[in-house]
$ cat model_7.cif   # mmCIF, C-alpha atoms
data_upload
#
loop_
_atom_site.label_atom_id
_atom_site.label_comp_id
_atom_site.auth_asym_id
_atom_site.auth_seq_id
_atom_site.Cartn_x
_atom_site.Cartn_y
_atom_site.Cartn_z
CA MET T 29 83.03 184.02 -10.93
CA SER T 30 83.87 183.70 -7.23
CA GLN T 31 87.47 183.40 -6.09
CA GLU T 32 86.65 179.89 -4.85
CA VAL T 33 85.24 178.71 -8.19
CA THR T 34 88.24 180.22 -10.03
CA ILE T 35 90.66 178.30 -7.81
CA VAL T 36 88.83 175.02 -8.35
CA ARG T 37 88.87 175.61 -12.12
CA ASN T 38 92.60 176.35 -12.05
CA VAL T 39 93.33 173.19 -10.07
CA LEU T 40 91.37 171.06 -12.57
CA GLU T 41 93.06 172.74 -15.55
CA ALA T 42 96.54 172.24 -14.08
CA ASN T 43 95.67 168.58 -13.51
CA ASP T 44 94.46 168.16 -17.10
CA ARG T 45 97.74 169.56 -18.47
CA LEU T 46 99.77 167.03 -16.46
CA ALA T 47 97.35 164.24 -17.47
CA GLU T 48 98.17 165.03 -21.11
CA GLU T 49 101.89 164.66 -20.31
CA LEU T 50 101.20 161.28 -18.76
CA LYS T 51 99.09 160.16 -21.73
CA LYS T 52 101.96 160.99 -24.10
CA LYS T 53 104.42 158.96 -22.00
CA PHE T 54 102.07 155.97 -21.98
CA THR T 55 101.43 156.21 -25.74
CA VAL T 56 105.14 156.35 -26.62
CA ARG T 57 105.83 153.32 -24.44
CA LYS T 58 102.62 151.49 -25.46
CA ILE T 59 101.58 151.10 -21.82
CA LEU T 60 97.90 150.52 -21.09
CA CYS T 61 97.06 152.66 -18.04
CA LEU T 62 93.90 151.97 -16.01
CA ASN T 63 92.51 154.15 -13.22
CA LEU T 64 90.84 151.82 -10.67
CA MET T 65 88.21 153.48 -8.50
CA SER T 66 85.59 152.44 -5.94
CA SER T 67 84.22 152.99 -2.45
CA PRO T 68 86.53 151.95 0.39
CA GLY T 69 86.62 148.17 0.70
CA ALA T 70 85.02 147.26 -2.64
CA GLY T 71 87.99 145.00 -3.42
CA LYS T 72 90.42 146.96 -5.63
CA THR T 73 93.54 145.51 -4.00
CA THR T 74 92.17 141.96 -4.01
CA LEU T 75 91.35 142.38 -7.71
CA LEU T 76 94.93 143.47 -8.34
CA GLU T 77 96.45 140.64 -6.30
CA ARG T 78 94.58 138.05 -8.34
CA THR T 79 95.07 139.77 -11.72
CA LEU T 80 98.81 140.28 -11.18
CA THR T 81 99.20 136.64 -10.16
CA ASP T 82 97.03 135.10 -12.90
CA LEU T 83 98.53 137.16 -15.76
CA LYS T 84 102.13 137.34 -14.55
CA ASP T 85 103.48 135.21 -17.42
CA GLU T 86 101.53 137.17 -20.00
CA PHE T 87 102.16 140.82 -19.13
CA LYS T 88 104.68 142.98 -17.30
CA MET T 89 102.51 144.98 -14.89
CA ALA T 90 103.04 147.65 -12.24
CA VAL T 91 100.82 149.39 -9.70
CA ILE T 92 100.65 152.89 -8.24
CA GLU T 93 98.76 152.71 -4.94
CA GLY T 94 96.90 155.72 -3.55
CA ASP T 95 95.91 155.83 0.12
CA LEU T 96 95.48 158.48 2.78
CA GLN T 97 97.88 156.56 5.04
CA THR T 98 99.80 153.25 5.31
CA ASP T 99 101.62 151.25 2.63
CA ASN T 100 99.58 148.09 3.32
CA ASP T 101 98.23 147.91 -0.23
CA ALA T 102 101.62 148.41 -1.91
CA GLN T 103 102.96 145.58 0.26
CA ARG T 104 100.08 143.27 -0.70
CA VAL T 105 100.64 144.02 -4.38
CA ALA T 106 104.44 143.72 -4.19
CA ALA T 107 104.00 140.25 -2.66
CA THR T 108 102.76 139.07 -6.09
CA GLY T 109 106.13 140.03 -7.57
CA ALA T 110 104.86 143.11 -9.44
CA GLN T 111 106.42 146.56 -9.05
CA ALA T 112 104.45 148.75 -6.64
CA VAL T 113 104.78 152.37 -5.51
CA GLN T 114 102.72 153.85 -2.68
CA ILE T 115 101.45 157.43 -2.70
CA ASN T 116 100.19 158.67 0.67
CA THR T 117 97.84 161.60 0.16
CA GLU T 118 97.92 162.54 3.88
CA GLY T 119 94.19 163.13 3.98
CA GLY T 120 93.73 164.01 0.28
CA CYS T 121 90.56 162.43 -1.12
CA HIS T 122 91.84 161.53 -4.63
CA LEU T 123 95.01 161.10 -6.70
CA ASP T 124 96.07 163.73 -9.20
CA SER T 125 98.35 163.67 -12.24
CA GLY T 126 101.20 165.43 -10.44
CA GLN T 127 101.34 162.67 -7.85
CA VAL T 128 101.26 159.99 -10.53
CA LEU T 129 104.07 161.73 -12.49
CA ASP T 130 106.18 161.73 -9.32
CA ALA T 131 105.42 158.10 -8.55
CA LEU T 132 106.43 157.05 -12.09
CA LYS T 133 110.02 158.06 -11.28
CA ALA T 134 110.19 155.14 -8.86
CA LEU T 135 109.05 152.60 -11.50
CA ASP T 136 111.03 150.85 -14.23
CA LEU T 137 108.85 151.53 -17.29
CA GLU T 138 111.02 149.51 -19.68
CA GLY T 139 108.88 146.84 -21.31
CA LEU T 140 105.89 147.59 -19.09
CA ASP T 141 102.57 146.45 -20.59
CA ILE T 142 99.97 147.55 -18.06
CA LEU T 143 100.01 150.18 -15.31
CA PHE T 144 97.23 150.10 -12.73
CA VAL T 145 96.59 153.24 -10.70
CA GLU T 146 94.62 152.24 -7.60
CA ASN T 147 92.91 155.45 -6.53
CA VAL T 148 91.86 156.48 -3.00
CA GLY T 149 88.69 154.63 -1.92
CA ASN T 150 86.05 157.24 -2.72
CA LEU T 151 83.13 157.14 -5.14
CA VAL T 152 82.99 160.93 -5.53
CA CYS T 153 86.16 163.03 -5.80
CA PRO T 154 88.47 160.79 -7.91
CA ALA T 155 85.94 161.03 -10.76
CA GLU T 156 87.01 164.61 -11.43
CA PHE T 157 90.75 164.06 -11.77
CA ASP T 158 92.22 162.25 -14.78
CA VAL T 159 95.60 160.64 -14.12
CA GLY T 160 96.55 160.02 -17.77
CA GLU T 161 94.65 156.73 -17.93
CA ASP T 162 93.32 155.08 -21.09
CA TYR T 163 90.23 153.91 -19.18
CA LYS T 164 88.55 154.35 -15.83
CA VAL T 165 87.45 151.08 -14.22
CA THR T 166 85.03 151.25 -11.27
CA LEU T 167 84.37 148.41 -8.84
CA LEU T 168 81.06 148.12 -7.06
CA SER T 169 80.75 145.51 -4.33
CA VAL T 170 77.35 143.83 -4.30
CA ALA T 171 77.35 144.40 -0.52
CA GLU T 172 77.03 148.15 -1.24
CA GLY T 173 73.62 147.86 -2.89
CA ASP T 174 72.26 148.13 -6.42
CA ASP T 175 71.35 151.82 -6.11
CA LYS T 176 74.93 153.12 -6.18
CA PRO T 177 75.18 153.97 -9.91
CA GLU T 178 72.02 156.06 -9.57
CA LYS T 179 73.29 157.78 -6.42
CA TYR T 180 76.89 158.40 -7.57
CA PRO T 181 76.22 159.08 -11.26
CA LEU T 182 79.41 160.85 -12.37
CA MET T 183 81.65 157.92 -11.48
CA PHE T 184 79.64 155.46 -13.55
CA HIS T 185 79.04 157.96 -16.36
CA ILE T 186 82.79 158.26 -17.01
CA SER T 187 83.84 154.64 -16.45
CA ALA T 188 84.48 152.22 -19.31
CA VAL T 189 83.95 149.21 -17.04
CA MET T 190 81.88 148.46 -13.95
CA LEU T 191 83.20 145.40 -12.12
CA LEU T 192 80.39 144.06 -9.90
CA ASN T 193 82.63 142.48 -7.30
CA LYS T 194 81.96 140.04 -4.44
CA VAL T 195 79.27 138.12 -6.33
CA ASP T 196 80.07 135.26 -3.91
CA LEU T 197 78.02 137.32 -1.39
CA MET T 198 74.95 137.50 -3.65
CA PRO T 199 72.97 134.85 -1.70
CA TYR T 200 73.35 136.90 1.51
CA VAL T 201 72.61 140.46 0.36
CA ASP T 202 69.73 142.27 -1.37
CA PHE T 203 71.27 143.13 -4.72
CA ASP T 204 69.43 143.17 -8.03
CA LEU T 205 72.07 142.77 -10.72
CA ASP T 206 69.77 143.88 -13.54
CA LYS T 207 68.80 147.00 -11.61
CA ALA T 208 72.44 148.01 -11.01
CA LYS T 209 73.28 147.31 -14.64
CA GLY T 210 70.22 149.22 -15.81
CA HIS T 211 71.14 152.32 -13.80
CA ALA T 212 74.75 152.22 -15.03
CA THR T 213 73.74 151.73 -18.67
CA LYS T 214 71.31 154.64 -18.44
CA LEU T 215 74.25 156.85 -17.38
CA ASN T 216 76.64 155.39 -19.94
CA LYS T 217 75.28 153.20 -22.71
CA ASP T 218 78.75 151.82 -23.56
CA ILE T 219 79.72 150.72 -20.05
CA GLU T 220 80.91 147.09 -19.85
CA VAL T 221 79.58 145.24 -16.81
CA PHE T 222 81.42 142.19 -15.48
CA PRO T 223 80.04 140.41 -12.39
CA ILE T 224 83.08 138.85 -10.70
CA SER T 225 84.49 137.71 -7.40
CA ALA T 226 88.12 138.72 -7.00
CA ARG T 227 88.18 136.63 -3.82
CA SER T 228 86.83 133.35 -5.24
CA GLY T 229 88.07 133.92 -8.79
CA GLU T 230 84.58 133.58 -10.29
CA ASN T 231 84.24 135.09 -13.78
CA MET T 232 87.68 136.72 -13.72
CA ASP T 233 88.14 135.53 -17.33
CA THR T 234 85.65 138.15 -18.56
CA TRP T 235 87.86 140.85 -17.06
CA TYR T 236 91.06 139.31 -18.39
CA LYS T 237 89.57 139.13 -21.90
CA TRP T 238 88.81 142.86 -21.76
CA LEU T 239 92.34 143.60 -20.47
CA ARG T 240 93.90 141.62 -23.33
CA GLU T 241 91.79 143.42 -25.94
CA LYS T 242 92.57 146.87 -24.59
CA ARG T 243 96.27 146.10 -24.25
CA ALA T 244 96.33 144.85 -27.87
CA GLU T 245 94.74 148.11 -29.05
CA LYS T 246 97.71 150.07 -27.63
CA LEU T 247 100.22 148.24 -29.87
CA MET N 17 100.57 180.65 2.39
CA SER N 18 99.39 179.81 -1.14
CA GLN N 19 96.16 181.28 -2.49
CA GLU N 20 94.75 177.72 -2.62
CA VAL N 21 95.55 176.96 1.04
CA THR N 22 94.07 180.32 2.10
CA ILE N 23 90.82 179.54 0.28
CA VAL N 24 90.53 176.11 1.89
CA ARG N 25 91.14 177.65 5.33
CA ASN N 26 88.49 180.29 4.69
CA VAL N 27 85.94 177.66 3.62
CA LEU N 28 86.57 175.62 6.79
CA GLU N 29 86.37 178.71 9.02
CA ALA N 30 83.12 179.85 7.42
CA ASN N 31 81.72 176.36 7.98
CA ASP N 32 82.79 176.36 11.64
CA ARG N 33 81.00 179.68 12.24
CA LEU N 34 77.74 178.26 10.86
CA ALA N 35 78.25 175.04 12.83
CA GLU N 36 78.33 177.15 16.02
CA GLU N 37 75.00 178.72 15.01
CA LEU N 38 73.53 175.26 14.53
CA LYS N 39 74.89 174.04 17.89
CA LYS N 40 73.21 176.98 19.65
CA LYS N 41 69.87 176.19 18.00
CA PHE N 42 70.11 172.54 19.04
CA THR N 43 71.11 173.42 22.62
CA VAL N 44 68.21 175.86 23.07
CA ARG N 45 65.74 173.25 21.76
CA LYS N 46 67.45 170.31 23.56
CA ILE N 47 67.76 168.41 20.29
CA LEU N 48 70.41 165.69 20.09
CA CYS N 49 72.06 166.02 16.64
CA LEU N 50 74.08 163.15 15.18
CA ASN N 51 76.20 163.27 12.02
CA LEU N 52 76.05 159.80 10.39
CA MET N 53 78.95 159.02 8.10
CA SER N 54 80.32 156.01 6.18
CA SER N 55 81.43 154.69 2.81
CA PRO N 56 78.70 154.37 0.18
CA GLY N 57 76.49 151.39 0.93
CA ALA N 58 77.58 150.73 4.53
CA GLY N 59 73.95 150.86 5.65
CA LYS N 60 73.23 154.36 6.99
CA THR N 61 69.71 154.53 5.56
CA THR N 62 68.85 150.99 6.69
CA LEU N 63 70.10 151.90 10.18
CA LEU N 64 67.80 154.93 10.17
CA GLU N 65 64.78 153.01 8.87
CA ARG N 66 65.07 150.52 11.73
CA THR N 67 65.92 153.08 14.42
CA LEU N 68 63.07 155.42 13.43
CA THR N 69 60.62 152.51 13.46
CA ASP N 70 61.79 150.88 16.70
CA LEU N 71 61.95 154.13 18.71
CA LYS N 72 58.99 155.95 17.18
CA ASP N 73 56.94 155.84 20.39
CA GLU N 74 59.87 157.01 22.49
CA PHE N 75 61.31 159.97 20.58
CA LYS N 76 60.30 162.54 17.99
CA MET N 77 62.97 162.20 15.33
CA ALA N 78 63.81 163.83 11.98
CA VAL N 79 66.38 163.22 9.27
CA ILE N 80 68.36 165.44 6.90
CA GLU N 81 69.54 163.31 3.98
CA GLY N 82 72.64 164.23 1.96
CA ASP N 83 73.18 162.72 -1.49
CA LEU N 84 74.78 163.81 -4.74
CA GLN N 85 71.53 163.01 -6.56
CA THR N 86 68.07 161.42 -6.05
CA ASP N 87 65.69 161.64 -3.10
CA ASN N 88 65.53 157.84 -2.69
CA ASP N 89 66.86 157.96 0.88
CA ALA N 90 64.50 160.71 2.03
CA GLN N 91 61.61 158.65 0.64
CA ARG N 92 62.78 155.51 2.47
CA VAL N 93 63.06 157.46 5.73
CA ALA N 94 59.75 159.29 5.28
CA ALA N 95 58.03 155.90 4.84
CA THR N 96 58.69 155.26 8.56
CA GLY N 97 56.58 158.32 9.40
CA ALA N 98 59.53 160.53 10.42
CA GLN N 99 60.14 163.96 8.95
CA ALA N 100 62.78 163.89 6.20
CA VAL N 101 64.44 166.58 4.07
CA GLN N 102 66.70 165.78 1.14
CA ILE N 103 69.77 167.86 0.26
CA ASN N 104 71.22 167.16 -3.19
CA THR N 105 74.83 168.29 -3.31
CA GLU N 106 74.95 168.00 -7.14
CA GLY N 107 78.35 166.36 -7.07
CA GLY N 108 79.54 167.82 -3.76
CA CYS N 109 81.39 165.22 -1.67
CA HIS N 110 80.14 166.22 1.82
CA LEU N 111 77.48 168.24 3.63
CA ASP N 112 78.31 171.59 5.19
CA SER N 113 76.66 173.68 7.89
CA GLY N 114 75.14 176.15 5.43
CA GLN N 115 73.25 173.34 3.70
CA VAL N 116 72.04 171.96 7.03
CA LEU N 117 70.87 175.44 8.16
CA ASP N 118 68.86 175.73 4.94
CA ALA N 119 67.38 172.26 5.31
CA LEU N 120 66.26 173.02 8.89
CA LYS N 121 63.80 175.58 7.52
CA ALA N 122 61.82 172.71 6.01
CA LEU N 123 61.56 170.84 9.35
CA ASP N 124 59.19 171.35 12.25
CA LEU N 125 61.64 171.54 15.19
CA GLU N 126 58.92 171.85 17.83
CA GLY N 127 59.34 169.04 20.36
CA LEU N 128 62.02 167.32 18.28
CA ASP N 129 64.24 164.99 20.34
CA ILE N 130 66.79 163.68 17.85
CA LEU N 131 67.98 164.97 14.48
CA PHE N 132 70.01 162.62 12.29
CA VAL N 133 72.12 164.13 9.51
CA GLU N 134 72.92 161.38 7.00
CA ASN N 135 76.03 162.61 5.24
CA VAL N 136 77.15 161.84 1.67
CA GLY N 137 78.64 158.32 1.44
CA ASN N 138 82.35 159.10 1.70
CA LEU N 139 84.91 158.07 4.31
CA VAL N 140 87.18 161.06 3.62
CA CYS N 141 85.76 164.55 3.01
CA PRO N 142 82.79 164.69 5.44
CA ALA N 143 85.25 164.26 8.34
CA GLU N 144 86.46 167.85 7.88
CA PHE N 145 83.09 169.61 8.03
CA ASP N 146 81.11 169.86 11.26
CA VAL N 147 77.38 170.31 10.78
CA GLY N 148 76.57 171.39 14.34
CA GLU N 149 76.30 167.81 15.60
CA ASP N 150 76.75 166.67 19.21
CA TYR N 151 78.47 163.49 18.00
CA LYS N 152 79.81 161.97 14.83
CA VAL N 153 78.74 158.33 14.30
CA THR N 154 80.56 156.29 11.66
CA LEU N 155 79.31 153.03 10.19
CA LEU N 156 81.71 150.45 8.86
CA SER N 157 80.27 147.47 7.02
CA VAL N 158 82.12 144.24 7.77
CA ALA N 159 82.11 143.61 3.99
CA GLU N 160 84.54 146.56 3.66
CA GLY N 161 87.36 144.90 5.61
CA ASP N 162 88.93 145.34 9.04
CA ASP N 163 91.72 147.63 7.78
CA LYS N 164 89.49 150.64 7.15
CA PRO N 165 90.08 152.50 10.47
CA GLU N 166 93.84 152.28 9.83
CA LYS N 167 93.49 153.45 6.22
CA TYR N 168 90.97 156.26 6.83
CA PRO N 169 92.20 157.46 10.22
CA LEU N 170 90.68 160.93 10.51
CA MET N 171 87.11 159.65 10.27
CA PHE N 172 87.56 157.19 13.14
CA HIS N 173 89.70 159.60 15.16
CA ILE N 174 86.86 162.11 15.37
CA SER N 175 83.91 159.72 15.76
CA ALA N 176 82.28 159.00 19.12
CA VAL N 177 80.84 155.72 17.84
CA MET N 178 81.85 153.10 15.28
CA LEU N 179 78.88 150.95 14.29
CA LEU N 180 80.24 147.71 12.78
CA ASN N 181 77.30 147.00 10.54
CA LYS N 182 76.21 143.92 8.56
CA VAL N 183 77.52 141.45 11.15
CA ASP N 184 75.06 138.97 9.59
CA LEU N 185 77.66 138.73 6.77
CA MET N 186 80.51 137.78 9.16
CA PRO N 187 80.49 134.07 8.21
CA TYR N 188 81.04 134.95 4.55
CA VAL N 189 83.75 137.65 4.70
CA ASP N 190 87.28 137.94 6.11
CA PHE N 191 86.77 140.43 8.91
CA ASP N 192 88.60 140.35 12.22
CA LEU N 193 86.44 142.27 14.68
CA ASP N 194 89.21 142.64 17.26
CA LYS N 195 91.59 143.98 14.64
CA ALA N 196 89.11 146.64 13.45
CA LYS N 197 88.35 147.60 17.04
CA GLY N 198 92.06 147.70 17.89
CA HIS N 199 92.84 150.07 15.01
CA ALA N 200 89.92 152.34 15.90
CA THR N 201 90.80 152.43 19.60
CA LYS N 202 94.40 153.28 18.77
CA LEU N 203 93.13 156.35 16.89
CA ASN N 204 90.57 157.26 19.52
CA LYS N 205 90.69 155.56 22.92
CA ASP N 206 87.14 156.68 23.79
CA ILE N 207 85.42 155.39 20.67
CA GLU N 208 82.41 153.17 21.40
CA VAL N 209 82.19 150.12 19.14
CA PHE N 210 78.84 148.41 18.56
CA PRO N 211 78.71 145.38 16.23
CA ILE N 212 75.18 145.38 14.78
CA SER N 213 73.10 144.36 11.83
CA ALA N 214 70.63 147.04 10.84
CA ARG N 215 69.13 144.55 8.38
CA SER N 216 68.53 141.64 10.79
CA GLY N 217 68.15 143.79 13.91
CA GLU N 218 70.97 142.00 15.75
CA ASN N 219 72.40 143.97 18.68
CA MET N 220 70.48 147.14 17.85
CA ASP N 221 69.75 147.47 21.59
CA THR N 222 73.38 148.48 22.26
CA TRP N 223 72.95 151.38 19.85
CA TYR N 224 69.53 152.36 21.28
CA LYS N 225 70.98 152.37 24.81
CA TRP N 226 73.69 154.82 23.69
CA LEU N 227 71.08 157.00 21.93
CA ARG N 228 68.94 157.14 25.08
CA GLU N 229 71.90 158.11 27.25
CA LYS N 230 73.08 160.86 24.93
CA ARG N 231 69.57 162.23 24.49
CA ALA N 232 69.13 162.31 28.29
CA GLU N 233 72.36 164.29 28.65
CA LYS N 234 70.89 167.09 26.49
CA LEU N 235 68.02 167.67 28.90
#

$ encode --input "model_7.cif" --output "structure tokens"
Amino acid sequence: MSQEVTIVRNVLEANDRLAEELKKKFTVRKILCLNLMSSPGAGKTTLLERTLTDLKDEFKMAVIEGDLQTDNDAQRVAATGAQAVQINTEGGCHLDSGQVLDALKALDLEGLDILFVENVGNLVCPAEFDVGEDYKVTLLSVAEGDDKPEKYPLMFHISAVMLLNKVDLMPYVDFDLDKAKGHATKLNKDIEVFPISARSGENMDTWYKWLREKRAEKL
Amino acid sequence: MSQEVTIVRNVLEANDRLAEELKKKFTVRKILCLNLMSSPGAGKTTLLERTLTDLKDEFKMAVIEGDLQTDNDAQRVAATGAQAVQINTEGGCHLDSGQVLDALKALDLEGLDILFVENVGNLVCPAEFDVGEDYKVTLLSVAEGDDKPEKYPLMFHISAVMLLNKVDLMPYVDFDLDKAKGHATKLNKDIEVFPISARSGENMDTWYKWLREKRAEKL
């Protein structure tokens, strides 16, 4: 095995050990943790803004924001009243469990129901690094095209949910919903597909129903 | 310096050496080489389809396509009549110079004017790996939001051109063109910004004018 391959393996193994630590913390505290992933600009922060606002009387929620630079997203999320911590990766292309463990220190976990980890916008690298989540949730904007599951297979293979976001743009783009769904289901027969618009609010109930079910399963 | 940091440095240095080899090849043959980068689904392949078609009588052009999986993009490009070679990175998040050197063997370089390297859809990792290009060209779809230059600064810092693609969607999204341009120019005062729609053909002339100028400078 080359030195390079050994190093990569060691990095992944170290991450998996810390992910197990995180999982134990979340289990003890009955916190549902979701790892939100997508291409840049698919609408992760808009999804969070609406979800945190619509469900604020139902759940205590917090967000860990991952970005190369800026704390814009943490500010947008904090404006809803939810707790938010920003991680700046300074060029790093994904979050890892060590960063999430550090960020947790800045959050009040008492009574927390749901923790969202908004990963760096990237449809490739974040797929390889667990951050202690119960489920991976991937957003695909319909403006990106229906071939993305086929072209970025690992991400959709490991995700429990594919949120087809920005369906309000459907009349103006070439996107075949059945084709996207077909590709994703071929990679992962159990994937749940919810066409939504986080901007207009369309179909958000399908996503909220899933959140409620998964949160209930943690109790 | 940690073992991990040393390995990363060695990988980047090895890539830079091969990038120099590529640059020499392109200089000798007077080929303009452009490294096309963007998020997944920003429209790189659609840009190429239209460019290859519109300029087919003016230039001899070829494309190296980078994708994790599938040869869909190479097929789309080849349908225009241009030469196309597909590189599958099998999960790799960017192209490197070694892969491009290999792919060149499958191309007839005789009389070639312009070589496009369509990188893996990723706004982070490809920024660190030169592939012997004269210029880096980054597409940003207006559906992704005007904050992307600020949030993914390295990519826009090192690009000669930002193509603001899908301007046909402007009436349906919240995208402030001046804001996006302002962020990009702050990172790179020389960046050229062309708002276009590769799908509708709007403003493609601004991009073709730039291509003609840069190709002429290689002669």

$ interface_residues --input "model_7.cif" --of "chain T" --to "chain N" --cutoff "8 Å" --atoms "all atoms listed in the file" --output "list of chain:residue names"
T:Glu32, T:Ile35, T:Ser67, T:Pro68, T:Gly69, T:Ala70, T:Asp95, T:Leu96, T:Gln97, T:Thr98, T:Gly119, T:Gly120, T:Cys121, T:Asn150, T:Leu151, T:Val152, T:Cys153, T:Ala171, T:Glu172, T:Gly173, T:Lys176, T:Glu178, T:Lys179, T:Tyr180, T:Pro181, T:Leu182, T:Leu197, T:Tyr200

$ atom_distance --input "model_7.cif" --atom1 "atom CA of Thr105 of chain N" --atom2 "atom CA of Ile80 of chain N"
12.4 Å

$ atom_distance --input "model_7.cif" --atom1 "atom CA of Val44 of chain N" --atom2 "atom CA of Glu65 of chain N"
27.1 Å

$ resolve_selection --input "model_7.cif" --expression "the PyMOL selection byres ((chain N and resi 70-73) around 12)" --output "MDAnalysis selection string"
chainID N and resid 63:69 74:78 96:99 128:130 214 217 220:221 223:225 227:228

$ atom_distance --input "model_7.cif" --atom1 "atom CA of Asp206 of chain T" --atom2 "atom CA of Phe222 of chain T"
11.9 Å

$ resolve_selection --input "model_7.cif" --expression "the PyMOL selection byres ((chain T and resi 219) around 12)" --output "PDB file with C-alpha atoms, in the coordinates of the input"
ATOM      1  CA  TYR T 163      90.230 153.910 -19.180  1.00  0.00           C
ATOM      2  CA  LYS T 164      88.550 154.350 -15.830  1.00  0.00           C
ATOM      3  CA  VAL T 165      87.450 151.080 -14.220  1.00  0.00           C
ATOM      4  CA  THR T 166      85.030 151.250 -11.270  1.00  0.00           C
ATOM      5  CA  PRO T 177      75.180 153.970  -9.910  1.00  0.00           C
ATOM      6  CA  MET T 183      81.650 157.920 -11.480  1.00  0.00           C
ATOM      7  CA  PHE T 184      79.640 155.460 -13.550  1.00  0.00           C
ATOM      8  CA  HIS T 185      79.040 157.960 -16.360  1.00  0.00           C
ATOM      9  CA  ILE T 186      82.790 158.260 -17.010  1.00  0.00           C
ATOM     10  CA  SER T 187      83.840 154.640 -16.450  1.00  0.00           C
ATOM     11  CA  ALA T 188      84.480 152.220 -19.310  1.00  0.00           C
ATOM     12  CA  VAL T 189      83.950 149.210 -17.040  1.00  0.00           C
ATOM     13  CA  MET T 190      81.880 148.460 -13.950  1.00  0.00           C
ATOM     14  CA  LEU T 191      83.200 145.400 -12.120  1.00  0.00           C
ATOM     15  CA  ALA T 208      72.440 148.010 -11.010  1.00  0.00           C
ATOM     16  CA  LYS T 209      73.280 147.310 -14.640  1.00  0.00           C
ATOM     17  CA  GLY T 210      70.220 149.220 -15.810  1.00  0.00           C
ATOM     18  CA  HIS T 211      71.140 152.320 -13.800  1.00  0.00           C
ATOM     19  CA  ALA T 212      74.750 152.220 -15.030  1.00  0.00           C
ATOM     20  CA  THR T 213      73.740 151.730 -18.670  1.00  0.00           C
ATOM     21  CA  LYS T 214      71.310 154.640 -18.440  1.00  0.00           C
ATOM     22  CA  LEU T 215      74.250 156.850 -17.380  1.00  0.00           C
ATOM     23  CA  ASN T 216      76.640 155.390 -19.940  1.00  0.00           C
ATOM     24  CA  LYS T 217      75.280 153.200 -22.710  1.00  0.00           C
ATOM     25  CA  ASP T 218      78.750 151.820 -23.560  1.00  0.00           C
ATOM     26  CA  GLU T 220      80.910 147.090 -19.850  1.00  0.00           C
ATOM     27  CA  VAL T 221      79.580 145.240 -16.810  1.00  0.00           C
ATOM     28  CA  PHE T 222      81.420 142.190 -15.480  1.00  0.00           C
TER      29      PHE T 222
END

$ resolve_selection --input "model_7.cif" --expression "the PyMOL selection byres ((chain N and resi 36-41) around 9)" --output "number ranges by chain"
N: 31-35, 42-47, 49, 113, 116-117, 147-150

$ write_last_selection --input "model_7.cif" --atoms "C-alpha atoms" --output "short mmCIF file (atom, residue, chain, number, x, y, z; two decimals), in the frame of the given file"
data_model
loop_
_atom_site.label_atom_id
_atom_site.label_comp_id
_atom_site.auth_asym_id
_atom_site.auth_seq_id
_atom_site.Cartn_x
_atom_site.Cartn_y
_atom_site.Cartn_z
CA ASN N 31 81.72 176.36 7.98
CA ASP N 32 82.79 176.36 11.64
CA ARG N 33 81.00 179.68 12.24
CA LEU N 34 77.74 178.26 10.86
CA ALA N 35 78.25 175.04 12.83
CA PHE N 42 70.11 172.54 19.04
CA THR N 43 71.11 173.42 22.62
CA VAL N 44 68.21 175.86 23.07
CA ARG N 45 65.74 173.25 21.76
CA LYS N 46 67.45 170.31 23.56
CA ILE N 47 67.76 168.41 20.29
CA CYS N 49 72.06 166.02 16.64
CA SER N 113 76.66 173.68 7.89
CA VAL N 116 72.04 171.96 7.03
CA LEU N 117 70.87 175.44 8.16
CA VAL N 147 77.38 170.31 10.78
CA GLY N 148 76.57 171.39 14.34
CA GLU N 149 76.30 167.81 15.60
CA ASP N 150 76.75 166.67 19.21
#

$ closest_residue --input "model_7.cif" --among "T:Leu60, T:Val105, T:Leu192, T:Leu123" --to "Leu137 of chain T" --atoms "all atoms listed in the file"
T:Leu60

$ residues_around --input "model_7.cif" --residues "Val183 of chain N" --least-positions-apart "5" --cutoff "7 Å" --atoms "only C-alpha atoms" --output "PyMOL selection string"
chain N and resi 158+211-213

$ write_last_selection --input "model_7.cif" --atoms "C-alpha atoms" --output "short mmCIF file (atom, residue, chain, number, x, y, z; two decimals), in the frame of the given file"
data_model
loop_
_atom_site.label_atom_id
_atom_site.label_comp_id
_atom_site.auth_asym_id
_atom_site.auth_seq_id
_atom_site.Cartn_x
_atom_site.Cartn_y
_atom_site.Cartn_z
CA VAL N 158 82.12 144.24 7.77
CA PRO N 211 78.71 145.38 16.23
CA ILE N 212 75.18 145.38 14.78
CA SER N 213 73.10 144.36 11.83
#

$ closest_residue --input "model_7.cif" --among "T:Ala102, T:Ala107, T:Pro199, T:Asp158" --to "Gln127 of chain T" --atoms "only C-alpha atoms"
T:Asp158
